[in-house]
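As provided, start_25.pdb (PDB, C-alpha atoms, pLDDT in the B column) reads as follows.
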ATOM      1  CA  MET A 302      40.924 196.034 -14.388  1.00 45.00           C
ATOM      2  CA  ALA A 303      38.483 193.682 -16.090  1.00 44.00           C
ATOM      3  CA  THR A 304      39.619 190.422 -17.662  1.00 42.00           C
ATOM      4  CA  THR A 305      37.595 187.872 -19.598  1.00 36.00           C
ATOM      5  CA  ILE A 306      39.011 184.505 -20.655  1.00 37.00           C
ATOM      6  CA  ILE A 307      37.323 182.850 -23.593  1.00 35.00           C
ATOM      7  CA  LYS A 308      36.188 179.314 -22.738  1.00 37.00           C
ATOM      8  CA  TYR A 309      37.588 176.130 -24.254  1.00 37.00           C
ATOM      9  CA  THR A 310      36.236 174.967 -27.598  1.00 38.00           C
ATOM     10  CA  ASP A 311      35.200 171.622 -26.075  1.00 40.00           C
ATOM     11  CA  ASN A 312      32.779 173.530 -23.876  1.00 40.00           C
ATOM     12  CA  TYR A 313      31.035 170.780 -21.903  1.00 39.00           C
ATOM     13  CA  PRO A 314      29.483 171.465 -18.492  1.00 40.00           C
ATOM     14  CA  VAL A 315      31.546 170.379 -15.514  1.00 39.00           C
ATOM     15  CA  LEU A 316      29.462 167.737 -13.740  1.00 40.00           C
ATOM     16  CA  TYR A 317      29.998 166.189 -10.331  1.00 40.00           C
ATOM     17  CA  GLY A 318      31.613 162.784 -10.799  1.00 46.00           C
ATOM     18  CA  ASP A 319      32.514 163.538 -14.428  1.00 53.00           C
ATOM     19  CA  ASP A 320      35.680 161.476 -14.878  1.00 68.00           C
ATOM     20  CA  ARG A 321      36.054 161.488 -18.651  1.00 75.00           C
ATOM     21  CA  ILE A 322      39.543 161.103 -20.144  1.00 75.00           C
ATOM     22  CA  ASN A 323      41.214 164.493 -20.466  1.00 65.00           C
ATOM     23  CA  LEU A 324      44.899 163.465 -20.723  1.00 69.00           C
ATOM     24  CA  ASN A 325      46.683 162.583 -23.939  1.00 69.00           C
ATOM     25  CA  TRP A 326      48.923 159.497 -24.008  1.00 69.00           C
ATOM     26  CA  PRO A 327      52.274 161.343 -23.701  1.00 70.00           C
ATOM     27  CA  GLU A 328      51.039 162.946 -20.462  1.00 74.00           C
ATOM     28  CA  ARG A 329      49.702 159.608 -19.237  1.00 80.00           C
ATOM     29  CA  TYR A 330      53.026 157.847 -19.902  1.00 81.00           C
ATOM     30  CA  THR A 331      54.905 160.605 -18.072  1.00 83.00           C
ATOM     31  CA  SER A 332      52.563 160.340 -15.077  1.00 83.00           C
ATOM     32  CA  ILE A 333      52.924 156.548 -14.905  1.00 89.00           C
ATOM     33  CA  VAL A 334      56.738 156.653 -15.082  1.00 89.00           C
ATOM     34  CA  GLY A 335      56.917 159.442 -12.505  1.00 88.00           C
ATOM     35  CA  GLY A 336      54.467 157.645 -10.228  1.00 87.00           C
ATOM     36  CA  VAL A 337      56.431 154.392 -10.306  1.00 91.00           C
ATOM     37  CA  LYS A 338      59.713 156.173  -9.557  1.00 90.00           C
ATOM     38  CA  LEU A 339      58.245 158.124  -6.632  1.00 89.00           C
ATOM     39  CA  GLY A 340      56.557 155.021  -5.245  1.00 89.00           C
ATOM     40  CA  PHE A 341      59.721 152.914  -5.340  1.00 90.00           C
ATOM     41  CA  SER A 342      61.733 155.731  -3.775  1.00 90.00           C
ATOM     42  CA  GLY A 343      59.180 156.062  -0.989  1.00 87.00           C
ATOM     43  CA  PHE A 344      59.098 152.343  -0.154  1.00 89.00           C
ATOM     44  CA  LYS A 345      62.897 152.149  -0.301  1.00 88.00           C
ATOM     45  CA  HIS A 346      63.349 154.752   2.438  1.00 87.00           C
ATOM     46  CA  ILE A 347      60.184 154.076   4.448  1.00 87.00           C
ATOM     47  CA  PHE A 348      62.138 153.216   7.632  1.00 87.00           C
ATOM     48  CA  SER A 349      64.978 155.739   7.363  1.00 87.00           C
ATOM     49  CA  ASN A 350      62.749 158.701   6.466  1.00 89.00           C
ATOM     50  CA  PRO A 351      59.107 157.753   7.047  1.00 86.00           C
ATOM     51  CA  PHE A 352      57.555 161.230   6.677  1.00 89.00           C
ATOM     52  CA  ALA A 353      59.131 162.005   3.296  1.00 89.00           C
ATOM     53  CA  SER A 354      58.494 158.440   2.153  1.00 88.00           C
ATOM     54  CA  VAL A 355      54.772 158.665   2.903  1.00 89.00           C
ATOM     55  CA  LEU A 356      54.595 161.890   0.876  1.00 89.00           C
ATOM     56  CA  LYS A 357      56.401 160.241  -2.042  1.00 89.00           C
ATOM     57  CA  ILE A 358      54.146 157.185  -1.940  1.00 89.00           C
ATOM     58  CA  GLY A 359      51.052 159.397  -1.901  1.00 90.00           C
ATOM     59  CA  ALA A 360      52.291 161.532  -4.799  1.00 89.00           C
ATOM     60  CA  GLY A 361      53.329 158.426  -6.707  1.00 87.00           C
ATOM     61  CA  GLY A 362      49.896 156.906  -6.231  1.00 89.00           C
ATOM     62  CA  TYR A 363      48.239 160.067  -7.517  1.00 87.00           C
ATOM     63  CA  LEU A 364      50.430 160.122 -10.628  1.00 87.00           C
ATOM     64  CA  LEU A 365      49.828 156.431 -11.286  1.00 87.00           C
ATOM     65  CA  ASN A 366      46.074 156.886 -11.017  1.00 86.00           C
ATOM     66  CA  ARG A 367      46.280 159.952 -13.276  1.00 82.00           C
ATOM     67  CA  GLY A 368      48.218 158.031 -15.907  1.00 82.00           C
ATOM     68  CA  ILE A 369      46.215 154.800 -15.795  1.00 85.00           C
ATOM     69  CA  THR A 370      42.767 156.409 -15.836  1.00 85.00           C
ATOM     70  CA  GLY A 371      43.698 159.259 -18.177  1.00 81.00           C
ATOM     71  CA  HIS A 372      41.749 161.657 -15.955  1.00 79.00           C
ATOM     72  CA  CYS A 373      43.213 164.745 -14.262  1.00 75.00           C
ATOM     73  CA  GLU A 374      40.986 166.370 -11.654  1.00 70.00           C
ATOM     74  CA  LEU A 375      42.925 169.638 -11.838  1.00 67.00           C
ATOM     75  CA  TYR A 376      42.345 169.831 -15.587  1.00 62.00           C
ATOM     76  CA  LYS A 377      38.631 169.177 -15.038  1.00 65.00           C
ATOM     77  CA  ARG A 378      38.351 171.967 -12.493  1.00 63.00           C
ATOM     78  CA  ILE A 379      39.822 174.524 -14.899  1.00 50.00           C
ATOM     79  CA  GLY A 380      37.663 173.358 -17.778  1.00 55.00           C
ATOM     80  CA  LYS A 381      39.590 170.804 -19.847  1.00 58.00           C
ATOM     81  CA  LEU A 382      37.211 167.867 -20.194  1.00 57.00           C
ATOM     82  CA  SER A 383      38.561 166.014 -23.218  1.00 57.00           C
ATOM     83  CA  THR A 384      41.785 165.273 -25.077  1.00 57.00           C
ATOM     84  CA  ASN A 385      40.998 167.887 -27.717  1.00 59.00           C
ATOM     85  CA  PRO A 386      43.791 170.472 -28.142  1.00 59.00           C
ATOM     86  CA  VAL A 387      43.412 173.567 -26.014  1.00 64.00           C
ATOM     87  CA  ASN A 388      42.966 176.644 -28.151  1.00 76.00           C
ATOM     88  CA  VAL A 389      44.357 179.471 -26.032  1.00 84.00           C
ATOM     89  CA  ASN A 390      42.241 182.588 -26.501  1.00 88.00           C
ATOM     90  CA  ILE A 391      42.839 185.512 -24.148  1.00 90.00           C
ATOM     91  CA  ARG A 392      40.908 188.775 -24.084  1.00 92.00           C
ATOM     92  CA  SER A 393      41.801 191.450 -21.551  1.00 92.00           C
ATOM     93  CA  SER A 394      41.079 195.151 -21.031  1.00 92.00           C
ATOM     94  CA  PHE A 395      42.675 197.507 -18.525  1.00 91.00           C
ATOM     95  CA  THR A 396      43.888 201.076 -18.009  1.00 92.00           C
ATOM     96  CA  VAL A 397      47.540 202.075 -17.534  1.00 92.00           C
ATOM     97  CA  ASN A 398      48.969 205.347 -16.275  1.00 91.00           C
ATOM     98  CA  LYS A 399      50.844 206.261 -19.439  1.00 91.00           C
ATOM     99  CA  PRO A 400      50.023 208.432 -22.483  1.00 92.00           C
ATOM    100  CA  ARG A 401      48.608 206.541 -25.443  1.00 92.00           C
ATOM    101  CA  HIS A 402      51.525 207.244 -27.776  1.00 92.00           C
ATOM    102  CA  LYS A 403      54.020 205.843 -25.248  1.00 92.00           C
ATOM    103  CA  VAL A 404      52.008 202.672 -24.664  1.00 93.00           C
ATOM    104  CA  TYR A 405      51.681 202.140 -28.405  1.00 95.00           C
ATOM    105  CA  SER A 406      55.414 202.706 -28.926  1.00 93.00           C
ATOM    106  CA  PHE A 407      56.237 200.085 -26.314  1.00 93.00           C
ATOM    107  CA  TRP A 408      53.962 197.432 -27.874  1.00 92.00           C
ATOM    108  CA  ARG A 409      55.046 198.265 -31.419  1.00 93.00           C
ATOM    109  CA  LYS A 410      58.560 197.171 -30.548  1.00 92.00           C
ATOM    110  CA  LEU A 411      57.576 193.520 -30.167  1.00 93.00           C
ATOM    111  CA  ASP A 412      60.896 192.473 -28.646  1.00 93.00           C
ATOM    112  CA  ASN A 413      59.689 194.283 -25.494  1.00 93.00           C
ATOM    113  CA  LEU A 414      57.031 191.606 -24.922  1.00 94.00           C
ATOM    114  CA  PRO A 415      59.269 189.066 -23.091  1.00 93.00           C
ATOM    115  CA  LEU A 416      59.954 191.768 -20.468  1.00 92.00           C
ATOM    116  CA  PHE A 417      56.550 191.034 -18.934  1.00 92.00           C
ATOM    117  CA  MET A 418      55.396 187.866 -20.745  1.00 92.00           C
ATOM    118  CA  LYS A 419      57.123 184.964 -19.020  1.00 89.00           C
ATOM    119  CA  HIS A 420      55.834 182.398 -21.497  1.00 90.00           C
ATOM    120  CA  LEU A 421      58.019 183.974 -24.192  1.00 92.00           C
ATOM    121  CA  GLU A 422      61.715 183.183 -24.332  1.00 91.00           C
ATOM    122  CA  SER A 423      62.367 185.910 -26.903  1.00 93.00           C
ATOM    123  CA  VAL A 424      60.894 187.966 -29.714  1.00 95.00           C
ATOM    124  CA  GLU A 425      63.437 189.153 -32.263  1.00 95.00           C
ATOM    125  CA  MET A 426      62.527 191.999 -34.613  1.00 94.00           C
ATOM    126  CA  ILE A 427      63.848 191.093 -38.071  1.00 94.00           C
ATOM    127  CA  ASP A 428      62.614 194.340 -39.607  1.00 93.00           C
ATOM    128  CA  ALA A 429      59.669 196.716 -39.177  1.00 91.00           C
ATOM    129  CA  GLN A 430      57.192 194.049 -40.312  1.00 93.00           C
ATOM    130  CA  TYR A 431      58.604 190.605 -39.500  1.00 95.00           C
ATOM    131  CA  SER A 432      59.654 189.038 -36.196  1.00 96.00           C
ATOM    132  CA  TYR A 433      60.856 185.694 -34.800  1.00 96.00           C
ATOM    133  CA  TRP A 434      59.183 184.282 -31.665  1.00 95.00           C
ATOM    134  CA  VAL A 435      60.360 181.548 -29.256  1.00 93.00           C
ATOM    135  CA  LEU A 436      58.245 180.028 -26.464  1.00 89.00           C
ATOM    136  CA  LYS A 437      59.800 179.417 -23.055  1.00 85.00           C
ATOM    137  CA  LEU A 438      59.471 175.677 -22.367  1.00 73.00           C
ATOM    138  CA  PRO A 439      60.610 173.314 -19.589  1.00 67.00           C
ATOM    139  CA  SER A 440      64.185 172.078 -19.984  1.00 62.00           C
ATOM    140  CA  GLY A 441      64.541 169.068 -22.235  1.00 56.00           C
ATOM    141  CA  MET A 442      61.706 170.027 -24.558  1.00 62.00           C
ATOM    142  CA  ALA A 443      62.372 171.035 -28.142  1.00 63.00           C
ATOM    143  CA  ASN A 444      62.035 174.724 -28.934  1.00 76.00           C
ATOM    144  CA  VAL A 445      58.728 175.923 -30.331  1.00 85.00           C
ATOM    145  CA  SER A 446      59.304 178.940 -32.539  1.00 89.00           C
ATOM    146  CA  TRP A 447      57.691 180.721 -35.450  1.00 93.00           C
ATOM    147  CA  HIS A 448      57.902 183.781 -37.672  1.00 95.00           C
ATOM    148  CA  ALA A 449      55.204 186.445 -37.511  1.00 96.00           C
ATOM    149  CA  GLU A 450      54.324 189.601 -39.357  1.00 96.00           C
ATOM    150  CA  ILE A 451      52.590 192.839 -38.478  1.00 96.00           C
ATOM    151  CA  VAL A 452      49.292 192.669 -40.363  1.00 95.00           C
ATOM    152  CA  ARG A 453      47.810 195.945 -39.164  1.00 95.00           C
ATOM    153  CA  ASP A 454      49.487 199.014 -37.788  1.00 95.00           C
ATOM    154  CA  GLU A 455      47.624 202.223 -36.977  1.00 95.00           C
ATOM    155  CA  PRO A 456      50.025 204.489 -35.046  1.00 94.00           C
ATOM    156  CA  ASP A 457      48.805 205.207 -31.504  1.00 94.00           C
ATOM    157  CA  GLU A 458      45.586 203.273 -32.268  1.00 95.00           C
ATOM    158  CA  MET A 459      46.113 199.563 -32.918  1.00 95.00           C
ATOM    159  CA  ILE A 460      48.669 196.824 -33.644  1.00 96.00           C
ATOM    160  CA  GLY A 461      47.844 193.421 -35.104  1.00 95.00           C
ATOM    161  CA  TRP A 462      50.201 190.508 -35.811  1.00 96.00           C
ATOM    162  CA  SER A 463      49.916 186.928 -37.043  1.00 95.00           C
ATOM    163  CA  SER A 464      52.229 183.942 -37.487  1.00 94.00           C
ATOM    164  CA  LEU A 465      53.222 183.126 -41.057  1.00 94.00           C
ATOM    165  CA  PRO A 466      51.598 180.182 -42.894  1.00 89.00           C
ATOM    166  CA  ASP A 467      53.043 176.731 -42.092  1.00 84.00           C
ATOM    167  CA  SER A 468      54.471 177.947 -38.771  1.00 86.00           C
ATOM    168  CA  MET A 469      55.124 175.528 -35.898  1.00 84.00           C
ATOM    169  CA  ILE A 470      52.304 177.265 -34.025  1.00 86.00           C
ATOM    170  CA  ASN A 471      49.417 179.503 -35.016  1.00 88.00           C
ATOM    171  CA  ASN A 472      49.657 182.746 -33.070  1.00 92.00           C
ATOM    172  CA  ALA A 473      47.797 186.007 -33.571  1.00 94.00           C
ATOM    173  CA  GLY A 474      47.268 189.110 -31.514  1.00 94.00           C
ATOM    174  CA  LYS A 475      45.619 192.501 -31.607  1.00 95.00           C
ATOM    175  CA  VAL A 476      46.091 195.422 -29.239  1.00 96.00           C
ATOM    176  CA  ARG A 477      43.929 198.540 -29.343  1.00 96.00           C
ATOM    177  CA  PHE A 478      44.790 201.798 -27.534  1.00 96.00           C
ATOM    178  CA  GLN A 479      42.285 204.477 -26.449  1.00 95.00           C
ATOM    179  CA  ASP A 480      42.493 207.509 -24.199  1.00 94.00           C
ATOM    180  CA  ALA A 481      40.998 206.908 -20.757  1.00 91.00           C
ATOM    181  CA  LEU A 482      37.794 208.800 -20.009  1.00 86.00           C
ATOM    182  CA  ASP A 483      39.528 210.941 -17.391  1.00 80.00           C
ATOM    183  CA  GLY A 484      42.297 211.787 -19.883  1.00 77.00           C
ATOM    184  CA  LYS A 485      44.985 210.561 -17.485  1.00 83.00           C
ATOM    185  CA  GLY A 486      45.879 207.216 -18.988  1.00 91.00           C
ATOM    186  CA  THR A 487      45.350 204.691 -21.768  1.00 94.00           C
ATOM    187  CA  ILE A 488      42.758 201.946 -22.109  1.00 94.00           C
ATOM    188  CA  VAL A 489      44.454 198.850 -23.556  1.00 95.00           C
ATOM    189  CA  ASP A 490      42.353 196.106 -25.159  1.00 95.00           C
ATOM    190  CA  VAL A 491      44.347 192.923 -25.835  1.00 94.00           C
ATOM    191  CA  VAL A 492      43.352 189.787 -27.745  1.00 94.00           C
ATOM    192  CA  ILE A 493      45.909 186.962 -28.089  1.00 93.00           C
ATOM    193  CA  SER A 494      45.406 183.449 -29.429  1.00 92.00           C
ATOM    194  CA  TYR A 495      47.576 180.330 -29.710  1.00 90.00           C
ATOM    195  CA  GLN A 496      46.379 177.307 -31.676  1.00 85.00           C
ATOM    196  CA  PRO A 497      48.145 174.087 -32.685  1.00 77.00           C
ATOM    197  CA  PRO A 498      48.514 173.699 -36.464  1.00 71.00           C
ATOM    198  CA  ALA A 499      46.781 170.881 -38.333  1.00 58.00           C
ATOM    199  CA  GLY A 500      48.478 167.546 -39.036  1.00 49.00           C
ATOM    200  CA  GLY A 501      51.118 165.517 -37.232  1.00 47.00           C
ATOM    201  CA  LEU A 502      53.101 168.549 -36.107  1.00 52.00           C
ATOM    202  CA  GLY A 503      50.013 169.952 -34.437  1.00 52.00           C
ATOM    203  CA  ALA A 504      49.589 166.810 -32.333  1.00 54.00           C
ATOM    204  CA  GLY A 505      53.000 167.442 -30.749  1.00 58.00           C
ATOM    205  CA  ILE A 506      52.482 171.177 -30.287  1.00 66.00           C
ATOM    206  CA  ALA A 507      49.127 170.492 -28.641  1.00 64.00           C
ATOM    207  CA  GLN A 508      51.006 169.055 -25.642  1.00 65.00           C
ATOM    208  CA  VAL A 509      52.477 172.504 -25.018  1.00 70.00           C
ATOM    209  CA  LEU A 510      49.122 174.283 -25.236  1.00 74.00           C
ATOM    210  CA  ASN A 511      47.538 173.024 -22.035  1.00 71.00           C
ATOM    211  CA  PRO A 512      45.362 174.639 -19.342  1.00 73.00           C
ATOM    212  CA  VAL A 513      48.432 175.671 -17.326  1.00 75.00           C
ATOM    213  CA  PHE A 514      49.850 177.459 -20.371  1.00 82.00           C
ATOM    214  CA  LYS A 515      46.503 179.190 -20.912  1.00 83.00           C
ATOM    215  CA  LYS A 516      46.524 180.554 -17.372  1.00 85.00           C
ATOM    216  CA  MET A 517      50.144 181.656 -17.786  1.00 87.00           C
ATOM    217  CA  VAL A 518      49.383 183.697 -20.909  1.00 90.00           C
ATOM    218  CA  ASP A 519      46.431 185.377 -19.224  1.00 90.00           C
ATOM    219  CA  LYS A 520      48.579 186.317 -16.226  1.00 90.00           C
ATOM    220  CA  ASP A 521      51.329 187.615 -18.513  1.00 91.00           C
ATOM    221  CA  VAL A 522      48.880 189.931 -20.282  1.00 91.00           C
ATOM    222  CA  GLN A 523      47.707 191.285 -16.933  1.00 88.00           C
ATOM    223  CA  ASN A 524      51.344 191.798 -15.877  1.00 90.00           C
ATOM    224  CA  PHE A 525      51.582 194.456 -18.590  1.00 91.00           C
ATOM    225  CA  LYS A 526      49.564 196.872 -16.456  1.00 88.00           C
ATOM    226  CA  GLN A 527      51.915 196.360 -13.511  1.00 87.00           C
ATOM    227  CA  TYR A 528      54.944 196.745 -15.738  1.00 88.00           C
ATOM    228  CA  MET A 529      53.717 199.992 -17.313  1.00 86.00           C
ATOM    229  CA  ASP A 530      52.704 201.472 -13.972  1.00 80.00           C
ATOM    230  CA  ILE A 531      56.337 201.357 -12.850  1.00 74.00           C
ATOM    231  CA  ASP A 532      57.734 204.870 -12.573  1.00 52.00           C
ATOM    232  CA  ASN A 533      59.858 204.738 -15.732  1.00 51.00           C
ATOM    233  CA  ASP A 534      59.545 205.779 -19.348  1.00 56.00           C
ATOM    234  CA  PRO A 535      58.634 202.800 -21.583  1.00 48.00           C
ATOM    235  CA  GLU A 536      60.484 204.405 -24.468  1.00 49.00           C
ATOM    236  CA  ASP A 537      63.707 204.456 -22.468  1.00 50.00           C
ATOM    237  CA  TYR A 538      63.608 200.901 -21.139  1.00 45.00           C
ATOM    238  CA  ALA A 539      66.839 198.974 -20.566  1.00 40.00           C
ATOM    239  CA  PRO A 540      67.445 195.206 -20.785  1.00 38.00           C
ATOM    240  CA  THR A 541      68.095 195.148 -17.034  1.00 36.00           C
ATOM    241  CA  VAL A 542      64.551 196.188 -16.128  1.00 38.00           C
ATOM    242  CA  ILE A 543      63.118 193.846 -13.467  1.00 35.00           C
ATOM    243  CA  ILE A 544      60.147 191.780 -14.644  1.00 39.00           C
ATOM    244  CA  ILE A 545      57.159 192.071 -12.330  1.00 39.00           C
ATOM    245  CA  GLU A 546      56.261 188.749 -10.688  1.00 41.00           C
TER
END
Could you quickly redo this structure as structure tokens?
Amino acid sequence: MATTIIKYTDNYPVLYGDDRINLNWPERYTSIVGGVKLGFSGFKHIFSNPFASVLKIGAGGYLLNRGITGHCELYKRIGKLSTNPVNVNIRSSFTVNKPRHKVYSFWRKLDNLPLFMKHLESVEMIDAQYSYWVLKLPSGMANVSWHAEIVRDEPDEMIGWSSLPDSMINNAGKVRFQDALDGKGTIVDVVISYQPPAGGLGAGIAQVLNPVFKKMVDKDVQNFKQYMDIDNDPEDYAPTVIIIE
């Protein structure tokens, strides 16, 4: 299986000692508040539970530094070097042990996608062309959802979809299916993108599209191979099918 992840649009080289601001203010505020709470909790119980308290104080200090400086070392290491929104662009290619028509049939029924894509709460098929998508977000966050339409459909060959204009999020995807060279499976080429819309709404959505989310989507796409290699018929799936971790 070969997977290529398209790089961030703010494609600066990662330099040693490069501590530029790569956290937006909402993330910085959250880090500061969390750091203060952990620090106070640690100092409060330093004598009754010294080991746990030291851990809390250390974690609190890290969060405070992260919030005050606006720099996250983890983000830097995975390529996010500015506060520009992360455009999530995933490209993946792999072979699954199923006939091409069965793999196509599974993808064409878009409400199957949450079975292996953990970042999706649900995809509801409204009719043969239109669907309603909901992202899976941490508790307490407002739902991010949008309507999409099938923009290209070539049976057993390719499926393409795109979010409708003025959606809460810009999402598009294309999946191409080809017979494997040995004739025993299907080569699946997947391209998926998520982008925050322009304007004030986009500024809020951009907080959801972060490097962690990008990695999650890439892993979800790769999970499709594991899911399809299970010894079952994708056309006869049931809602109780176990999602591969």
Name the residues in contact with segment 357-360 of chain A at a cut-off of 10 Å, using all atoms listed in the file, excluding same-chain residues fewer than 3 positions from it; report them as number ranges by chain.
A: 335-344, 346-347, 351-354, 363-366
Write a file of the selected residues as a CSV table (one decimal), keeping the file's coordinate frame, keeping C-alpha atoms.
chain,number,residue,atom,x,y,z
A,335,GLY,CA,56.9,159.4,-12.5
A,336,GLY,CA,54.5,157.6,-10.2
A,337,VAL,CA,56.4,154.4,-10.3
A,338,LYS,CA,59.7,156.2,-9.6
A,339,LEU,CA,58.2,158.1,-6.6
A,340,GLY,CA,56.6,155.0,-5.2
A,341,PHE,CA,59.7,152.9,-5.3
A,342,SER,CA,61.7,155.7,-3.8
A,343,GLY,CA,59.2,156.1,-1.0
A,344,PHE,CA,59.1,152.3,-0.2
A,346,HIS,CA,63.3,154.8,2.4
A,347,ILE,CA,60.2,154.1,4.4
A,351,PRO,CA,59.1,157.8,7.0
A,352,PHE,CA,57.6,161.2,6.7
A,353,ALA,CA,59.1,162.0,3.3
A,354,SER,CA,58.5,158.4,2.2
A,363,TYR,CA,48.2,160.1,-7.5
A,364,LEU,CA,50.4,160.1,-10.6
A,365,LEU,CA,49.8,156.4,-11.3
A,366,ASN,CA,46.1,156.9,-11.0
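One distance worth recording is that between atom CA of His448 of chain A and atom CA of Lys410 of chain A, which is 15.2 Å.
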- Record the distance separating atom CA of Lys526 of chain A and atom CA of Leu438 of chain A, expressed in Å with one decimal.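 Calculated distance between atom CA of Lys526 of chain A and atom CA of Leu438 of chain A is 24.1 Å.
Comparing the minimum interatomic distances between Pro327 of chain A and each of A:Ile460, A:Val509, A:Ala429, A:Val389, counting all atoms listed in the file, we find that A:Val509 sits nearest.
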Kindly list the centre and edge lengths in Å, rounded to one decimal, for the axis-aligned box that covers all listed atoms of segment 339-357 of chain A plus 4 Å on each of its six sides, as AutoDock Vina command-line options.
--center_x 59.8 --center_y 157.1 --center_z 0.5 --size_x 18.4 --size_y 17.9 --size_z 22.3
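Computed from the coordinates, the atom CA of Asn444 of chain A to atom CA of Pro497 of chain A distance equals 14.4 Å.
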_At a cut-off of 8 Å, using all atoms listed in the file, what residues contact Ser494 of chain A? Leave out same-chain residues fewer than 5 positions from it and give the result as an NGL selection string._
:A and (388-391 or 471-474)
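Among the candidates A:Ser463, A:His372, A:Ile470, A:Val445, the one nearest to Gln496 of chain A when counting all atoms listed in the file is A:Ile470.
Among A:Ile493, A:Trp434, A:Lys399, A:His420, the residue with the shortest atom-to-atom distance to Leu465 of chain A, counting only C-alpha atoms, is A:Trp434.
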